[in-house]
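**Student:** What follows is start-v2.cif; its format and atoms are mmCIF, C-alpha atoms.
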data_structure
loop_
_atom_site.group_PDB
_atom_site.id
_atom_site.type_symbol
_atom_site.label_atom_id
_atom_site.label_comp_id
_atom_site.auth_asym_id
_atom_site.auth_seq_id
_atom_site.Cartn_x
_atom_site.Cartn_y
_atom_site.Cartn_z
ATOM 1 C CA MET C 1106 -10.220 -4.761 11.861
ATOM 2 C CA THR C 1107 -7.422 -6.444 9.903
ATOM 3 C CA PHE C 1108 -5.972 -3.976 7.412
ATOM 4 C CA THR C 1109 -2.811 -3.089 5.529
ATOM 5 C CA HIS C 1110 -2.011 0.263 3.944
ATOM 6 C CA SER C 1111 0.753 -1.297 1.820
ATOM 7 C CA PHE C 1112 0.468 0.186 -1.684
ATOM 8 C CA LYS C 1113 2.061 -2.888 -3.234
ATOM 9 C CA HIS C 1114 -0.452 -5.279 -1.673
ATOM 10 C CA HIS C 1115 -3.413 -3.112 -2.646
ATOM 11 C CA LEU C 1116 -2.041 -2.893 -6.174
ATOM 12 C CA PHE C 1117 -2.432 -6.659 -6.370
ATOM 13 C CA VAL C 1118 -5.899 -6.414 -4.796
ATOM 14 C CA GLY C 1119 -6.979 -3.915 -7.460
ATOM 15 C CA LEU C 1120 -5.526 -6.079 -10.208
ATOM 16 C CA GLY C 1121 -7.189 -9.184 -8.781
ATOM 17 C CA ILE C 1122 -10.704 -7.767 -8.537
ATOM 18 C CA SER C 1123 -10.363 -6.170 -11.983
ATOM 19 C CA ILE C 1124 -9.423 -9.488 -13.596
ATOM 20 C CA TRP C 1125 -12.219 -11.202 -11.682
ATOM 21 C CA LEU C 1126 -14.706 -8.595 -12.920
ATOM 22 C CA VAL C 1127 -13.663 -9.065 -16.551
ATOM 23 C CA LEU C 1128 -13.973 -12.858 -16.335
ATOM 24 C CA PHE C 1129 -17.323 -12.555 -14.596
ATOM 25 C CA LEU C 1130 -18.686 -10.159 -17.223
ATOM 26 C CA VAL C 1131 -17.427 -12.342 -20.066
ATOM 27 C CA LEU C 1132 -19.202 -15.373 -18.601
ATOM 28 C CA ILE C 1133 -22.543 -13.791 -17.721
ATOM 29 C CA ALA C 1134 -22.464 -11.444 -20.764
ATOM 30 C CA PRO C 1135 -24.434 -8.429 -19.483
ATOM 31 C CA PHE C 1136 -24.526 -4.930 -21.012
ATOM 32 C CA ASP C 1137 -25.967 -6.045 -24.386
ATOM 33 C CA VAL C 1138 -22.985 -8.259 -25.301
ATOM 34 C CA SER C 1139 -24.615 -11.698 -24.994
ATOM 35 C CA ASP C 1140 -24.938 -12.076 -28.772
ATOM 36 C CA LEU C 1141 -21.286 -11.220 -29.455
ATOM 37 C CA SER C 1142 -18.430 -13.677 -29.880
ATOM 38 C CA PHE C 1143 -16.233 -14.629 -26.935
ATOM 39 C CA LEU C 1144 -13.217 -12.608 -28.141
ATOM 40 C CA ILE C 1145 -15.301 -9.487 -28.756
ATOM 41 C CA ARG C 1146 -16.817 -9.843 -25.288
ATOM 42 C CA ILE C 1147 -13.320 -9.848 -23.806
ATOM 43 C CA ARG C 1148 -12.298 -6.745 -25.765
ATOM 44 C CA ILE C 1149 -15.391 -4.893 -24.605
ATOM 45 C CA THR C 1150 -15.490 -6.010 -20.979
ATOM 46 C CA VAL C 1151 -11.758 -5.542 -20.320
ATOM 47 C CA VAL C 1152 -12.344 -1.775 -20.294
ATOM 48 C CA TYR C 1153 -14.718 -2.187 -17.344
ATOM 49 C CA GLY C 1154 -11.878 -3.940 -15.538
ATOM 50 C CA LEU C 1155 -9.490 -1.099 -16.373
ATOM 51 C CA ILE C 1156 -11.986 1.454 -15.064
ATOM 52 C CA LEU C 1157 -12.294 -0.458 -11.798
ATOM 53 C CA PHE C 1158 -8.514 -0.790 -11.487
ATOM 54 C CA PHE C 1159 -7.877 2.924 -12.115
ATOM 55 C CA CYS C 1160 -10.516 3.988 -9.587
ATOM 56 C CA TYR C 1161 -9.189 1.535 -7.011
ATOM 57 C CA LEU C 1162 -5.740 3.129 -7.343
ATOM 58 C CA LEU C 1163 -7.296 6.484 -6.456
ATOM 59 C CA CYS C 1164 -8.966 4.904 -3.437
ATOM 60 C CA ILE C 1165 -5.600 3.524 -2.270
ATOM 61 C CA VAL C 1166 -4.371 7.110 -1.937
ATOM 62 C CA VAL C 1167 -7.470 8.112 0.044
ATOM 63 C CA GLN C 1168 -7.233 5.164 2.425
ATOM 64 C CA TYR C 1169 -3.519 5.845 2.972
ATOM 65 C CA ILE C 1170 -4.336 9.427 4.012
ATOM 66 C CA LEU C 1171 -7.142 8.223 6.302
ATOM 67 C CA PHE C 1172 -4.944 5.628 7.944
ATOM 68 C CA LYS C 1173 -2.091 8.071 8.527
ATOM 69 C CA LYS C 1174 -4.408 10.641 10.101
ATOM 70 C CA ARG C 1175 -6.213 8.169 12.378
ATOM 71 C CA SER C 1176 -3.466 5.540 12.846
ATOM 72 C CA CYS C 1177 -6.202 2.904 12.814
ATOM 73 C CA TRP C 1178 -8.771 1.330 10.533
ATOM 74 C CA SER C 1179 -12.443 0.584 11.125
ATOM 75 C CA LEU C 1180 -15.453 -0.877 9.351
ATOM 76 C CA ARG C 1181 -16.672 2.682 8.823
ATOM 77 C CA PHE C 1182 -13.504 3.565 6.898
ATOM 78 C CA GLU C 1183 -13.710 0.278 5.007
ATOM 79 C CA ALA C 1184 -17.293 1.039 3.947
ATOM 80 C CA LEU C 1185 -16.266 4.569 2.967
ATOM 81 C CA ILE C 1186 -13.605 3.228 0.581
ATOM 82 C CA TYR C 1187 -16.149 0.909 -1.075
ATOM 83 C CA PHE C 1188 -18.649 3.741 -1.413
ATOM 84 C CA LEU C 1189 -16.022 6.076 -2.880
ATOM 85 C CA LEU C 1190 -14.887 3.393 -5.322
ATOM 86 C CA TYR C 1191 -18.391 2.722 -6.603
ATOM 87 C CA ILE C 1192 -19.141 6.442 -6.944
ATOM 88 C CA LEU C 1193 -15.954 6.934 -8.992
ATOM 89 C CA VAL C 1194 -16.620 3.900 -11.173
ATOM 90 C CA LEU C 1195 -20.254 4.769 -11.986
ATOM 91 C CA PRO C 1196 -19.879 7.807 -14.311
ATOM 92 C CA LEU C 1197 -16.939 6.266 -16.181
ATOM 93 C CA THR C 1198 -18.865 3.025 -16.636
ATOM 94 C CA ILE C 1199 -21.917 4.878 -17.954
ATOM 95 C CA LEU C 1200 -19.795 6.917 -20.367
ATOM 96 C CA TYR C 1201 -18.201 3.773 -21.732
ATOM 97 C CA TYR C 1202 -21.522 1.913 -21.888
ATOM 98 C CA LYS C 1203 -23.092 4.731 -23.905
ATOM 99 C CA SER C 1204 -20.025 5.206 -26.118
ATOM 100 C CA GLY C 1205 -19.780 4.115 -29.734
ATOM 101 C CA ILE C 1206 -17.852 1.001 -28.661
ATOM 102 C CA VAL C 1207 -20.656 -0.589 -26.620
ATOM 103 C CA ASN C 1208 -23.699 1.387 -27.833
ATOM 104 C CA GLY C 1209 -25.715 0.310 -24.793
ATOM 105 C CA ASP C 1210 -29.484 0.257 -25.224
ATOM 106 C CA TYR C 1211 -30.480 0.396 -21.564
ATOM 107 C CA PRO C 1212 -31.657 3.770 -20.216
ATOM 108 C CA ILE C 1213 -29.193 4.974 -17.588
ATOM 109 C CA SER C 1214 -31.655 4.458 -14.694
ATOM 110 C CA LEU C 1215 -32.402 0.902 -15.804
ATOM 111 C CA PHE C 1216 -28.713 0.228 -16.396
ATOM 112 C CA ILE C 1217 -27.908 1.263 -12.804
ATOM 113 C CA LEU C 1218 -30.767 -0.709 -11.238
ATOM 114 C CA GLU C 1219 -30.569 -3.915 -13.262
ATOM 115 C CA GLN C 1220 -26.888 -4.117 -14.137
ATOM 116 C CA TYR C 1221 -24.626 -1.885 -12.064
ATOM 117 C CA ILE C 1222 -26.063 -2.407 -8.570
ATOM 118 C CA PRO C 1223 -26.456 -6.229 -8.844
ATOM 119 C CA ILE C 1224 -22.834 -6.535 -9.962
ATOM 120 C CA LEU C 1225 -21.717 -4.335 -7.037
ATOM 121 C CA ILE C 1226 -23.571 -6.623 -4.637
ATOM 122 C CA ILE C 1227 -21.683 -9.602 -6.079
ATOM 123 C CA ILE C 1228 -18.237 -7.977 -6.247
ATOM 124 C CA THR C 1229 -18.288 -6.404 -2.751
ATOM 125 C CA PRO C 1230 -17.685 -9.632 -0.779
ATOM 126 C CA ILE C 1231 -15.050 -10.671 -3.351
ATOM 127 C CA MET C 1232 -13.186 -7.409 -2.860
ATOM 128 C CA TYR C 1233 -13.504 -7.679 0.922
ATOM 129 C CA LEU C 1234 -12.022 -11.188 0.761
ATOM 130 C CA PHE C 1235 -9.077 -9.996 -1.376
ATOM 131 C CA ARG C 1236 -8.386 -7.124 1.020
ATOM 132 C CA ARG C 1237 -8.483 -9.432 4.041
ATOM 133 C CA LEU C 1238 -6.083 -11.865 2.371
ATOM 134 C CA ALA C 1239 -3.677 -9.006 1.599
ATOM 135 C CA ALA C 1240 -3.780 -7.857 5.223
ATOM 136 C CA LYS C 1241 -3.209 -11.385 6.525
ATOM 137 C CA SER C 1242 -0.161 -11.876 4.302
ATOM 138 C CA VAL C 1243 1.400 -8.672 5.680
ATOM 139 C CA ASN C 1244 0.512 -9.546 9.268
ATOM 140 C CA LYS C 1245 2.040 -13.013 8.865
ATOM 141 C CA ILE C 1246 5.365 -11.410 7.977
ATOM 142 C CA LYS C 1247 5.096 -9.110 10.997
ATOM 143 C CA GLU C 1248 4.246 -12.015 13.303
ATOM 144 C CA GLU C 1249 7.422 -13.757 12.220
ATOM 145 C CA GLY C 1250 9.370 -10.679 13.332
ATOM 146 C CA PHE C 1251 10.188 -9.502 9.822
ATOM 147 C CA ILE C 1252 9.454 -6.182 8.183
ATOM 148 C CA LEU C 1253 9.551 -5.217 4.522
ATOM 149 C CA ILE C 1254 11.186 -1.978 3.445
ATOM 150 C CA GLN C 1255 9.933 -1.377 -0.075
ATOM 151 C CA GLY C 1256 11.559 0.790 -2.729
ATOM 152 C CA GLU C 1257 9.918 2.152 -5.852
ATOM 153 C CA ASN C 1258 10.728 -0.863 -8.008
ATOM 154 C CA LYS C 1259 9.070 -4.272 -7.687
ATOM 155 C CA ASN C 1260 12.290 -6.058 -6.757
ATOM 156 C CA ASP C 1261 13.621 -3.153 -4.692
ATOM 157 C CA VAL C 1262 12.805 -4.602 -1.285
ATOM 158 C CA LEU C 1263 14.547 -5.595 1.937
ATOM 159 C CA LYS C 1264 13.030 -8.241 4.209
ATOM 160 C CA VAL C 1265 14.744 -8.217 7.579
ATOM 161 C CA LYS C 1266 13.944 -8.701 11.235
ATOM 162 C CA GLN C 1267 13.116 -5.419 12.919
ATOM 163 C CA ASP C 1268 15.653 -5.788 15.719
ATOM 164 C CA LEU C 1269 18.487 -6.314 13.206
ATOM 165 C CA ILE C 1270 18.099 -2.882 11.613
ATOM 166 C CA ILE C 1271 20.708 -0.457 12.950
ATOM 167 C CA ALA C 1272 20.134 2.755 10.989
ATOM 168 C CA VAL C 1273 18.739 4.211 7.784
ATOM 169 C CA LYS C 1274 20.608 6.979 5.992
ATOM 170 C CA SER C 1275 19.304 9.321 3.298
ATOM 171 C CA SER C 1276 21.415 9.188 0.128
ATOM 172 C CA ASP C 1277 20.130 11.437 -2.679
ATOM 173 C CA ASN C 1278 17.021 9.674 -4.066
ATOM 174 C CA TYR C 1279 17.799 6.534 -2.085
ATOM 175 C CA VAL C 1280 18.088 5.347 1.493
ATOM 176 C CA GLU C 1281 20.923 3.173 2.760
ATOM 177 C CA VAL C 1282 19.773 0.614 5.314
ATOM 178 C CA SER C 1283 22.424 -0.689 7.719
ATOM 179 C CA TYR C 1284 21.486 -4.016 9.296
ATOM 180 C CA LEU C 1285 23.000 -7.186 10.723
ATOM 181 C CA GLU C 1286 23.127 -10.530 8.997
ATOM 182 C CA LEU C 1287 24.684 -13.403 10.951
ATOM 183 C CA GLY C 1288 26.414 -10.789 13.108
ATOM 184 C CA GLN C 1289 27.971 -9.006 10.128
ATOM 185 C CA LEU C 1290 27.167 -5.429 9.104
ATOM 186 C CA LYS C 1291 25.279 -5.279 5.787
ATOM 187 C CA LYS C 1292 24.058 -2.291 3.783
ATOM 188 C CA LYS C 1293 21.382 -2.054 1.113
ATOM 189 C CA LEU C 1294 20.294 0.839 -1.094
ATOM 190 C CA LEU C 1295 16.590 1.273 -1.774
ATOM 191 C CA ARG C 1296 15.005 3.880 -4.003
ATOM 192 C CA THR C 1297 12.698 5.591 -1.539
ATOM 193 C CA THR C 1298 12.742 8.526 0.880
ATOM 194 C CA LEU C 1299 13.741 8.785 4.515
ATOM 195 C CA LYS C 1300 10.426 10.461 5.272
ATOM 196 C CA LYS C 1301 8.490 7.500 3.874
ATOM 197 C CA VAL C 1302 10.545 5.013 5.902
ATOM 198 C CA GLU C 1303 10.023 7.116 9.024
ATOM 199 C CA SER C 1304 6.254 7.196 8.510
ATOM 200 C CA GLU C 1305 6.034 3.414 8.047
ATOM 201 C CA PHE C 1306 8.314 2.226 10.863
ATOM 202 C CA ASP C 1307 7.793 3.973 14.177
ATOM 203 C CA PHE C 1308 10.515 1.983 15.973
ATOM 204 C CA LEU C 1309 13.083 4.109 14.113
ATOM 205 C CA THR C 1310 14.026 7.457 15.667
ATOM 206 C CA ARG C 1311 15.367 10.436 13.770
ATOM 207 C CA SER C 1312 18.805 11.483 14.985
ATOM 208 C CA HIS C 1313 19.648 13.856 12.145
ATOM 209 C CA ARG C 1314 17.929 15.207 9.042
ATOM 210 C CA SER C 1315 19.663 12.421 7.107
ATOM 211 C CA PHE C 1316 19.494 9.582 9.656
ATOM 212 C CA LEU C 1317 17.003 7.296 11.347
ATOM 213 C CA ILE C 1318 18.345 4.992 14.048
ATOM 214 C CA ASN C 1319 17.256 1.964 16.043
ATOM 215 C CA THR C 1320 18.183 3.030 19.584
ATOM 216 C CA THR C 1321 18.331 -0.581 20.789
ATOM 217 C CA HIS C 1322 21.736 -0.739 19.068
ATOM 218 C CA PHE C 1323 23.151 2.178 21.082
ATOM 219 C CA LYS C 1324 26.690 1.624 22.389
ATOM 220 C CA VAL C 1325 28.157 4.925 23.564
ATOM 221 C CA TRP C 1326 28.103 8.682 23.067
ATOM 222 C CA ILE C 1327 31.237 9.804 21.229
ATOM 223 C CA ASN C 1328 30.435 13.474 21.823
ATOM 224 C CA LYS C 1329 27.370 15.716 21.831
ATOM 225 C CA GLU C 1330 27.078 15.490 18.060
ATOM 226 C CA LYS C 1331 27.852 11.836 17.444
ATOM 227 C CA MET C 1332 26.996 8.429 18.868
ATOM 228 C CA LYS C 1333 28.115 4.876 18.230
ATOM 229 C CA LEU C 1334 25.634 2.172 17.409
ATOM 230 C CA ASN C 1335 26.418 -1.442 16.658
ATOM 231 C CA GLN C 1336 29.400 -1.250 14.238
ATOM 232 C CA ILE C 1337 28.604 2.251 12.907
ATOM 233 C CA GLU C 1338 28.746 5.894 14.005
ATOM 234 C CA VAL C 1339 25.890 8.321 13.339
ATOM 235 C CA PRO C 1340 25.465 12.094 13.727
ATOM 236 C CA VAL C 1341 23.028 13.513 16.259
ATOM 237 C CA SER C 1342 21.441 16.930 15.813
ATOM 238 C CA LYS C 1343 20.780 19.129 18.809
ATOM 239 C CA GLN C 1344 17.013 19.098 18.256
ATOM 240 C CA TYR C 1345 16.863 15.278 18.504
ATOM 241 C CA ARG C 1346 19.457 14.727 21.269
ATOM 242 C CA GLU C 1347 17.098 14.922 24.239
ATOM 243 C CA LYS C 1348 14.551 12.541 22.731
ATOM 244 C CA ILE C 1349 17.251 9.997 21.946
ATOM 245 C CA SER C 1350 18.784 10.349 25.404
ATOM 246 C CA ASN C 1351 15.414 9.574 26.971
ATOM 247 C CA GLN C 1352 15.027 6.450 24.829
ATOM 248 C CA ILE C 1353 18.412 4.983 25.697
ATOM 249 C CA ARG C 1354 18.346 5.589 29.430
ATOM 250 C CA PRO C 1355 18.477 2.258 31.317
#
Take the structure in this file and express it as structure tokens.
**Tutor:**
Amino acid sequence: MTFTHSFKHHLFVGLGISIWLVLFLVLIAPFDVSDLSFLIRIRITVVYGLILFFCYLLCIVVQYILFKKRSCWSLRFEALIYFLLYILVLPLTILYYKSGIVNGDYPISLFILEQYIPILIIITPIMYLFRRLAAKSVNKIKEEGFILIQGENKNDVLKVKQDLIIAVKSSDNYVEVSYLELGQLKKKLLRTTLKKVESEFDFLTRSHRSFLINTTHFKVWINKEKMKLNQIEVPVSKQYREKISNQIRP
């Protein structure tokens, strides 16, 4: 099924469904808040949105681990994430509902049956739609031949065609991406790790503990410990030499 494990995109999904939940709760006024003013409803129901958002962030970590282990996504995994999310949300929602802020009158069993479950039934297709839209936006970029290398900051991102990336070098807490733009060598620093880049982009091959390379840019071996790519030279460790040699053989 269509899926993206991009943390940034799922961050927006979590934010979107949380805002939707708050607006929905304000309008239908469940949980003993129907007699309260509009502004008080917002103050009370926004916490339910925050609970959902926090729990969704935890689920992002779980789905990332699942995807990395299986290298695929299925409806079974999708359903598992929904189930995990709703299990995490339930006790926090009950605690807040029974707190001195809300002072809910419903018994817990009645609250679950008449309030919690019906809202889950409504929000599930909304969340599925948001997740599909996030996946489609990522896949559209891929279809156009572009990839996104994302750093830790919101604006710390490089959008570039895959075949224009030459190499990625580790530089303290950053990586330096060497790529071509209109035939000219460009470099960009991103605050991320080489290991993370390697796990996200399998077309890059490790040549050294500090380097990932795109072997399609290979030009010539300089010696056993160094090779020339398009406009740059990179080191090659003994443990990676054979794998690289096999990739660049005509």
**Student:** Just so the selection is clear, what residues does the PyMOL selection byres ((chain C and resi 1229) around 12) cover here, as a list of chain:residue names?
**Tutor:**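 After applying the PyMOL selection byres ((chain C and resi 1229) around 12), what remains is C:Ile1122, C:Trp1125, C:Leu1126, C:Glu1183, C:Ala1184, C:Ile1186, C:Tyr1187, C:Phe1188, C:Leu1190, C:Tyr1191, C:Ile1222, C:Pro1223, C:Ile1224, C:Leu1225, C:Ile1226, C:Ile1227, C:Ile1228, C:Pro1230, C:Ile1231, C:Met1232, C:Tyr1233, C:Leu1234, C:Phe1235, C:Arg1236.
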**Student:** Measuring between only C-alpha atoms, which one of C:Thr1321, C:Arg1346, C:Leu1290, C:Ala1240 shows the shortest distance to His1114 (chain C)?
**Tutor:**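 Among C:Thr1321, C:Arg1346, C:Leu1290, C:Ala1240, it is C:Ala1240 that comes nearest to His1114 (chain C).
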**Student:** Could you please determine the separation between CA of Phe1251 (chain C) and CA of Arg1237 (chain C) in Å, to one decimal place?
**Tutor:**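 Straight-line distance from CA of Phe1251 (chain C) to CA of Arg1237 (chain C) works out to 19.5 Å.
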**Student:** Skipping near chain neighbours, those fewer than 2 positions away, what residues fall within 12 Å of Val1207 (chain C) using all atoms listed in the file, listed as an NGL selection string?
**Tutor:** :C and (1135-1139 or 1141 or 1145-1146 or 1148-1153 or 1198-1205 or 1209-1211)
**Student:** Taking the file as shown, find all residues satisfying the PyMOL selection byres ((chain C and resi 1316) around 8) and write them as an MDAnalysis selection string.
**Tutor:** chainID C and resid 1272:1275 1299 1311:1315 1317:1318 1339:1340
**Student:** Taking (-14.6, 6.1, 5.4) in the file's coordinates, which residues come within 12 Å, counting only C-alpha atoms, written as a compact mmCIF listing (two decimals) with C-alpha atoms, in the frame of the given file?
**Tutor:**
# COMPACT_ATOMS: atom_id res chain seq x y z
CA CYS C 1164 -8.97 4.90 -3.44
CA VAL C 1167 -7.47 8.11 0.04
CA GLN C 1168 -7.23 5.16 2.42
CA TYR C 1169 -3.52 5.84 2.97
CA ILE C 1170 -4.34 9.43 4.01
CA LEU C 1171 -7.14 8.22 6.30
CA PHE C 1172 -4.94 5.63 7.94
CA ARG C 1175 -6.21 8.17 12.38
CA CYS C 1177 -6.20 2.90 12.81
CA TRP C 1178 -8.77 1.33 10.53
CA SER C 1179 -12.44 0.58 11.12
CA LEU C 1180 -15.45 -0.88 9.35
CA ARG C 1181 -16.67 2.68 8.82
CA PHE C 1182 -13.50 3.56 6.90
CA GLU C 1183 -13.71 0.28 5.01
CA ALA C 1184 -17.29 1.04 3.95
CA LEU C 1185 -16.27 4.57 2.97
CA ILE C 1186 -13.60 3.23 0.58
CA TYR C 1187 -16.15 0.91 -1.08
CA PHE C 1188 -18.65 3.74 -1.41
CA LEU C 1189 -16.02 6.08 -2.88
CA LEU C 1190 -14.89 3.39 -5.32
**Student:** Which protein, DNA or RNA residues have an atom at most 6 Å from (-9.7, -4.4, -13.9), counting only C-alpha atoms? List them as a list in words.
**Tutor:**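 Within 6 Å of (-9.7, -4.4, -13.9), the protein and nucleic acid residues are Leu1120, Ser1123, Ile1124, Gly1154, Leu1155, Leu1157 and Phe1158 of chain C.
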**Student:** Only C-alpha atoms, please: the residues just picked out, written as an mmCIF file, in the coordinates of the input.
**Tutor:**
data_model
loop_
_atom_site.group_PDB
_atom_site.id
_atom_site.type_symbol
_atom_site.label_atom_id
_atom_site.label_comp_id
_atom_site.auth_asym_id
_atom_site.auth_seq_id
_atom_site.Cartn_x
_atom_site.Cartn_y
_atom_site.Cartn_z
ATOM 1 C CA LEU C 1120 -5.526 -6.079 -10.208
ATOM 2 C CA SER C 1123 -10.363 -6.170 -11.983
ATOM 3 C CA ILE C 1124 -9.423 -9.488 -13.596
ATOM 4 C CA GLY C 1154 -11.878 -3.940 -15.538
ATOM 5 C CA LEU C 1155 -9.490 -1.099 -16.373
ATOM 6 C CA LEU C 1157 -12.294 -0.458 -11.798
ATOM 7 C CA PHE C 1158 -8.514 -0.790 -11.487
#
**Student:** Counting all atoms listed in the file, figure out which residue out of C:Ile1252, C:Ile1217, C:Leu1285, C:Leu1116 gets nearest to Asp1307 (chain C).
**Tutor:**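 Checking each of C:Ile1252, C:Ile1217, C:Leu1285, C:Leu1116 against Asp1307 (chain C), counting all atoms listed in the file, the winner is C:Ile1252.
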**Student:** Using the chain letters and numbers from the file, which residues does the PyMOL selection byres ((chain C and resi 1328) around 12) grab, as an MDAnalysis selection string?
**Tutor:** chainID C and resid 1325:1327 1329:1333 1338:1343 1346
**Student:** Calculated over only C-alpha atoms, which of the candidates C:Leu1195, C:Phe1143, C:Lys1300, C:Thr1310 has the smallest distance to Leu1218 (chain C)?
**Tutor:** C:Leu1195
**Student:** Which residues are close to Lys1324 (chain C), i.e. within 7 Å by all atoms listed in the file, leaving aside same-chain residues fewer than 2 positions away? Reply as an mmCIF file with C-alpha atoms, in the frame of the given file.
**Tutor:**
data_model
loop_
_atom_site.group_PDB
_atom_site.id
_atom_site.type_symbol
_atom_site.label_atom_id
_atom_site.label_comp_id
_atom_site.auth_asym_id
_atom_site.auth_seq_id
_atom_site.Cartn_x
_atom_site.Cartn_y
_atom_site.Cartn_z
ATOM 1 C CA HIS C 1322 21.736 -0.739 19.068
ATOM 2 C CA LYS C 1333 28.115 4.876 18.230
ATOM 3 C CA LEU C 1334 25.634 2.172 17.409
ATOM 4 C CA ASN C 1335 26.418 -1.442 16.658
#
**Student:** Centre and edge lengths, as AutoDock Vina command-line options, for the axis-aligned box enclosing every listed atom of region 1219-1222 of chain C with 3 Å of padding on each of the six sides, in Å to one decimal?
**Tutor:**
--center_x -27.6 --center_y -3.0 --center_z -11.4 --size_x 11.9 --size_y 8.2 --size_z 11.6
**Student:** Rank nothing, just name the residue among C:Leu1130, C:Lys1348, C:Leu1162, C:Leu1197 nearest to Lys1113 (chain C), using all atoms listed in the file.
**Tutor:**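 Ranking C:Leu1130, C:Lys1348, C:Leu1162, C:Leu1197 by distance to Lys1113 (chain C), first place goes to C:Leu1162.
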**Student:** What does the distance between CA of Ile1254 (chain C) and CA of Asn1278 (chain C) come to in Å, to one decimal place?
**Tutor:**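 A separation of 15.0 Å between them.
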**Student:** By how many Å are CA of Phe1159 (chain C) and CA of Ile1192 (chain C) apart?
**Tutor:**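 CA of Ile1192 (chain C) lies at a distance of 12.9 Å from CA of Phe1159 (chain C).
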